[in-house]
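A.B. asks: Input structure: run.cif, which contains mmCIF, C-alpha atoms and all ligand atoms; chains and numbers go by the auth columns.
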data_upload
#
loop_
_atom_site.group_PDB
_atom_site.id
_atom_site.type_symbol
_atom_site.label_atom_id
_atom_site.label_comp_id
_atom_site.label_asym_id
_atom_site.label_seq_id
_atom_site.Cartn_x
_atom_site.Cartn_y
_atom_site.Cartn_z
_atom_site.B_iso_or_equiv
_atom_site.auth_seq_id
_atom_site.auth_asym_id
ATOM 1 C CA MET A 1 20.880 2.554 -3.243 0.00 1 A
ATOM 2 C CA SER A 2 17.330 2.734 -4.581 0.00 2 A
ATOM 3 C CA GLU A 3 15.151 0.610 -6.837 0.00 3 A
ATOM 4 C CA VAL A 4 12.706 2.025 -9.396 0.00 4 A
ATOM 5 C CA ILE A 5 9.124 0.765 -9.029 0.00 5 A
ATOM 6 C CA CYS A 6 7.290 2.670 -11.762 0.00 6 A
ATOM 7 C CA ARG A 7 6.568 6.104 -13.167 0.00 7 A
ATOM 8 C CA LEU A 8 3.906 8.231 -11.495 0.00 8 A
ATOM 9 C CA ASP A 9 2.095 8.685 -14.825 0.00 9 A
ATOM 10 C CA GLN A 10 1.643 4.914 -15.116 0.00 10 A
ATOM 11 C CA LEU A 11 -0.885 5.049 -12.264 0.00 11 A
ATOM 12 C CA ALA A 12 -4.361 6.550 -12.595 0.00 12 A
ATOM 13 C CA GLU A 13 -5.947 8.371 -9.652 0.00 13 A
ATOM 14 C CA ARG A 14 -6.608 5.865 -6.821 0.00 14 A
ATOM 15 C CA GLU A 15 -5.014 3.042 -8.767 0.00 15 A
ATOM 16 C CA CYS A 16 -3.020 0.502 -6.738 0.00 16 A
ATOM 17 C CA ARG A 17 -0.052 -1.562 -7.833 0.00 17 A
ATOM 18 C CA GLU A 18 1.589 -4.418 -5.963 0.00 18 A
ATOM 19 C CA PHE A 19 5.335 -4.738 -5.798 0.00 19 A
ATOM 20 C CA GLU A 20 7.967 -6.653 -3.862 0.00 20 A
ATOM 21 C CA TRP A 21 11.435 -5.773 -2.820 0.00 21 A
ATOM 22 C CA SER A 22 14.168 -7.246 -0.721 0.00 22 A
ATOM 23 C CA ASP A 23 14.602 -5.434 2.577 0.00 23 A
ATOM 24 C CA GLY A 24 17.778 -6.597 4.254 0.00 24 A
ATOM 25 C CA GLY A 25 17.309 -10.111 2.834 0.00 25 A
ATOM 26 C CA GLU A 26 13.578 -10.315 3.624 0.00 26 A
ATOM 27 C CA VAL A 27 11.199 -10.199 0.640 0.00 27 A
ATOM 28 C CA VAL A 28 8.498 -7.664 1.458 0.00 28 A
ATOM 29 C CA ALA A 29 5.112 -7.499 -0.338 0.00 29 A
ATOM 30 C CA ALA A 30 3.689 -4.006 -0.659 0.00 30 A
ATOM 31 C CA PHE A 31 1.487 -1.814 -2.818 0.00 31 A
ATOM 32 C CA LEU A 32 1.435 1.705 -4.182 0.00 32 A
ATOM 33 C CA LEU A 33 -1.626 3.943 -4.191 0.00 33 A
ATOM 34 C CA ARG A 34 -1.845 7.040 -6.391 0.00 34 A
ATOM 35 C CA MET A 35 -3.435 10.014 -4.635 0.00 35 A
ATOM 36 C CA GLY A 36 -3.543 13.253 -6.570 0.00 36 A
ATOM 37 C CA GLU A 37 -0.055 14.384 -7.495 0.00 37 A
ATOM 38 C CA GLY A 38 1.566 11.931 -5.128 0.00 38 A
ATOM 39 C CA VAL A 39 1.706 8.309 -4.157 0.00 39 A
ATOM 40 C CA VAL A 40 1.749 6.376 -0.883 0.00 40 A
ATOM 41 C CA ALA A 41 2.903 2.819 -0.225 0.00 41 A
ATOM 42 C CA TYR A 42 2.027 0.292 2.442 0.00 42 A
ATOM 43 C CA ARG A 43 3.172 -3.158 3.308 0.00 43 A
ATOM 44 C CA ASN A 44 0.615 -5.742 2.125 0.00 44 A
ATOM 45 C CA ARG A 45 0.034 -7.123 5.577 0.00 45 A
ATOM 46 C CA CYS A 46 -3.101 -6.673 7.682 0.00 46 A
ATOM 47 C CA PRO A 47 -2.369 -5.760 11.314 0.00 47 A
ATOM 48 C CA HIS A 48 -5.189 -8.098 12.404 0.00 48 A
ATOM 49 C CA THR A 49 -3.614 -11.462 11.458 0.00 49 A
ATOM 50 C CA GLY A 50 -0.655 -10.594 9.254 0.00 50 A
ATOM 51 C CA ALA A 51 -2.481 -11.891 6.161 0.00 51 A
ATOM 52 C CA PRO A 52 -2.253 -10.151 2.779 0.00 52 A
ATOM 53 C CA LEU A 53 -4.939 -7.483 2.374 0.00 53 A
ATOM 54 C CA ASN A 54 -6.116 -8.431 -1.118 0.00 54 A
ATOM 55 C CA TRP A 55 -7.558 -11.454 -2.894 0.00 55 A
ATOM 56 C CA TYR A 56 -7.229 -10.085 -6.427 0.00 56 A
ATOM 57 C CA PRO A 57 -4.103 -8.542 -7.970 0.00 57 A
ATOM 58 C CA ASP A 58 -3.794 -4.789 -7.363 0.00 58 A
ATOM 59 C CA GLN A 59 -7.276 -4.607 -5.725 0.00 59 A
ATOM 60 C CA PHE A 60 -7.075 -2.929 -2.323 0.00 60 A
ATOM 61 C CA LEU A 61 -9.833 -0.308 -2.213 0.00 61 A
ATOM 62 C CA THR A 62 -13.532 -0.335 -1.396 0.00 62 A
ATOM 63 C CA LEU A 63 -15.906 0.064 -4.359 0.00 63 A
ATOM 64 C CA GLU A 64 -16.245 3.779 -3.637 0.00 64 A
ATOM 65 C CA GLN A 65 -12.421 4.036 -3.384 0.00 65 A
ATOM 66 C CA GLU A 66 -12.754 5.776 -0.013 0.00 66 A
ATOM 67 C CA TYR A 67 -10.793 3.231 2.042 0.00 67 A
ATOM 68 C CA ILE A 68 -8.269 0.447 1.770 0.00 68 A
ATOM 69 C CA GLN A 69 -10.133 -2.727 2.714 0.00 69 A
ATOM 70 C CA CYS A 70 -8.817 -6.012 4.025 0.00 70 A
ATOM 71 C CA ALA A 71 -10.465 -8.796 1.997 0.00 71 A
ATOM 72 C CA LEU A 72 -10.373 -11.259 4.904 0.00 72 A
ATOM 73 C CA HIS A 73 -12.464 -9.609 7.637 0.00 73 A
ATOM 74 C CA GLY A 74 -13.277 -6.232 6.110 0.00 74 A
ATOM 75 C CA ALA A 75 -11.095 -3.858 8.144 0.00 75 A
ATOM 76 C CA LEU A 76 -11.083 -0.339 6.643 0.00 76 A
ATOM 77 C CA PHE A 77 -7.970 1.841 6.531 0.00 77 A
ATOM 78 C CA ARG A 78 -7.643 5.526 5.616 0.00 78 A
ATOM 79 C CA LEU A 79 -5.965 6.058 2.254 0.00 79 A
ATOM 80 C CA GLU A 80 -3.647 8.835 3.362 0.00 80 A
ATOM 81 C CA ASP A 81 -2.047 7.226 6.423 0.00 81 A
ATOM 82 C CA GLY A 82 -3.239 3.604 6.631 0.00 82 A
ATOM 83 C CA PHE A 83 -4.993 4.131 9.980 0.00 83 A
ATOM 84 C CA CYS A 84 -7.686 1.515 10.664 0.00 84 A
ATOM 85 C CA VAL A 85 -11.049 3.188 11.296 0.00 85 A
ATOM 86 C CA HIS A 86 -13.254 0.086 11.313 0.00 86 A
ATOM 87 C CA GLY A 87 -12.850 -3.634 11.911 0.00 87 A
ATOM 88 C CA PRO A 88 -11.018 -6.034 14.193 0.00 88 A
ATOM 89 C CA CYS A 89 -7.782 -4.019 14.159 0.00 89 A
ATOM 90 C CA SER A 90 -9.395 -0.585 14.749 0.00 90 A
ATOM 91 C CA GLY A 91 -6.781 1.874 15.966 0.00 91 A
ATOM 92 C CA ASP A 92 -3.854 -0.004 14.365 0.00 92 A
ATOM 93 C CA SER A 93 -2.207 1.110 11.139 0.00 93 A
ATOM 94 C CA LEU A 94 -0.778 -0.377 8.002 0.00 94 A
ATOM 95 C CA GLN A 95 2.976 -0.130 7.835 0.00 95 A
ATOM 96 C CA SER A 96 3.835 2.706 5.492 0.00 96 A
ATOM 97 C CA ILE A 97 6.842 2.512 3.213 0.00 97 A
ATOM 98 C CA GLU A 98 9.063 5.430 2.426 0.00 98 A
ATOM 99 C CA LEU A 99 9.274 6.303 -1.245 0.00 99 A
ATOM 100 C CA ILE A 100 11.447 8.603 -3.284 0.00 100 A
ATOM 101 C CA GLU A 101 9.871 10.536 -6.127 0.00 101 A
ATOM 102 C CA GLU A 102 12.115 12.336 -8.567 0.00 102 A
ATOM 103 C CA ALA A 103 11.126 13.674 -11.974 0.00 103 A
ATOM 104 C CA GLY A 104 7.993 11.505 -11.979 0.00 104 A
ATOM 105 C CA VAL A 105 9.846 8.290 -11.133 0.00 105 A
ATOM 106 C CA ILE A 106 8.922 6.404 -7.960 0.00 106 A
ATOM 107 C CA SER A 107 11.643 4.441 -6.216 0.00 107 A
ATOM 108 C CA ILE A 108 12.193 2.724 -2.943 0.00 108 A
ATOM 109 C CA LYS A 109 15.279 3.154 -0.851 0.00 109 A
ATOM 110 C CA HIS A 110 17.215 0.053 0.135 0.00 110 A
ATOM 111 C CA ARG A 111 18.646 -0.167 3.627 0.00 111 A
HETATM 112 S S1 LIG B . -6.984 -10.211 8.511 0.00 201 A
HETATM 113 FE FE1 LIG B . -7.520 -8.184 7.943 0.00 201 A
HETATM 114 S S2 LIG B . -9.295 -7.760 9.076 0.00 201 A
HETATM 115 FE FE2 LIG B . -8.733 -9.758 9.676 0.00 201 A
#
How does the structure come out when it is put into structure tokens?
C.D. replies:
Amino acid sequence: MSEVICRLDQLAERECREFEWSDGGEVVAAFLLRMGEGVVAYRNRCPHTGAPLNWYPDQFLTLEQEYIQCALHGALFRLEDGFCVHGPCSGDSLQSIELIEEAGVISIKHR
């Protein structure tokens, strides 16, 4: 079973969108990030302390939109794979979330 999150054309390049879904009974906070013709998704949880990455809704990127940035202590993560390149959790990664994209519709698979 899968759950539709949004259409790809509803996201501009490098736009992020928060969403939640129930994963085996646990409510998981996550966000989408549009990159070119595709989209990636990560759990909204910093590997440093487990805190949410953002302070403002749908705001996850640095001003230059080159990295995902944790609002709490400034850790920087690569857009394409969530790998932390700077900050207190250097070398750790955001937890990526598997998406399904069919005919421009982005969905998440339920376990
Ligand atoms: S909680 Fe994210 S860098 Fe500390």
A.B. asks: Within 6 Å of Leu53 of chain A, counting only C-alpha atoms, which residues show up once you throw out same-chain ones fewer than 3 positions away? Write them as a list in words, please.
C.D. replies: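 Once the adjacent positions are removed, what remains is Asn44, Arg45, Cys46, Cys70 and Ala71 of chain A.
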A.B. asks: Please dump the current selection as a compact mmCIF listing (two decimals), in the coordinates of the input; keep C-alpha atoms.
C.D. replies:
# COMPACT_ATOMS: atom_id res chain seq x y z
CA ASN A 44 0.62 -5.74 2.12
CA ARG A 45 0.03 -7.12 5.58
CA CYS A 46 -3.10 -6.67 7.68
CA CYS A 70 -8.82 -6.01 4.03
CA ALA A 71 -10.46 -8.80 2.00
A.B. asks: How far is it from atom CA of Gln65 of chain A to atom CA of Pro47 of chain A, in Å with one decimal?
C.D. replies: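 Spanning atom CA of Gln65 of chain A to atom CA of Pro47 of chain A is a straight-line distance of 20.3 Å.
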A.B. asks: Give the residue list for ligand LIG 201 (chain A) at 12 Å, counting all atoms listed in the file, as a PyMOL selection string, sorted by chain and then by residue number.
C.D. replies: chain A and resi 44-55+60+68-77+84-90+92-94
A.B. asks: Between A:Met1, A:Phe19, A:Gly82, A:Ala41, which has the minimum distance to Leu99 of chain A (counting only C-alpha atoms)?
C.D. replies: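 Result for the nearest residue to Leu99 of chain A: A:Ala41.
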A.B. asks: May I ask which of the residues A:Gly91, A:Ile5, A:Arg17, A:Arg43 is the closest one to Gly104 of chain A, counting all atoms listed in the file?
C.D. replies: A:Ile5
A.B. asks: Nearest to Lys109 of chain A: which of A:Glu80, A:Glu20, A:Tyr42, A:Ile97 is it, counting all atoms listed in the file?
C.D. replies: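 So, comparing all the options, the nearest one is A:Ile97.
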A.B. asks: So how far away is atom CA of Glu98 of chain A from atom CA of Glu66 of chain A, in Å?
C.D. replies: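 A separation of 22.0 Å between them.
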A.B. asks: Expressed in Å to a single decimal, how great is the separation between atom CA of Glu18 of chain A and atom CA of Ile106 of chain A?
C.D. replies: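 Rounded to one decimal, the two atoms are 13.2 Å apart.
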A.B. asks: Suppose a student applies the PyMOL selection byres (((chain A and resi 36) around 10) and not hetatm) to this structure; what residues should they get, written as an mmCIF file with C-alpha atoms, in the frame of the given file?
C.D. replies:
data_model
loop_
_atom_site.group_PDB
_atom_site.id
_atom_site.type_symbol
_atom_site.label_atom_id
_atom_site.label_comp_id
_atom_site.auth_asym_id
_atom_site.auth_seq_id
_atom_site.Cartn_x
_atom_site.Cartn_y
_atom_site.Cartn_z
ATOM 1 C CA ALA A 12 -4.361 6.550 -12.595
ATOM 2 C CA GLU A 13 -5.947 8.371 -9.652
ATOM 3 C CA ARG A 14 -6.608 5.865 -6.821
ATOM 4 C CA LEU A 33 -1.626 3.943 -4.191
ATOM 5 C CA ARG A 34 -1.845 7.040 -6.391
ATOM 6 C CA MET A 35 -3.435 10.014 -4.635
ATOM 7 C CA GLU A 37 -0.055 14.384 -7.495
ATOM 8 C CA GLY A 38 1.566 11.931 -5.128
ATOM 9 C CA VAL A 39 1.706 8.309 -4.157
#
A.B. asks: When distances are computed from only C-alpha atoms, which of A:Asp9, A:Gln59, A:Cys16, A:Val40 shows the smallest separation from Ile108 of chain A?
C.D. replies: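 Once distances to Ile108 of chain A are computed over only C-alpha atoms, the minimum belongs to A:Val40.
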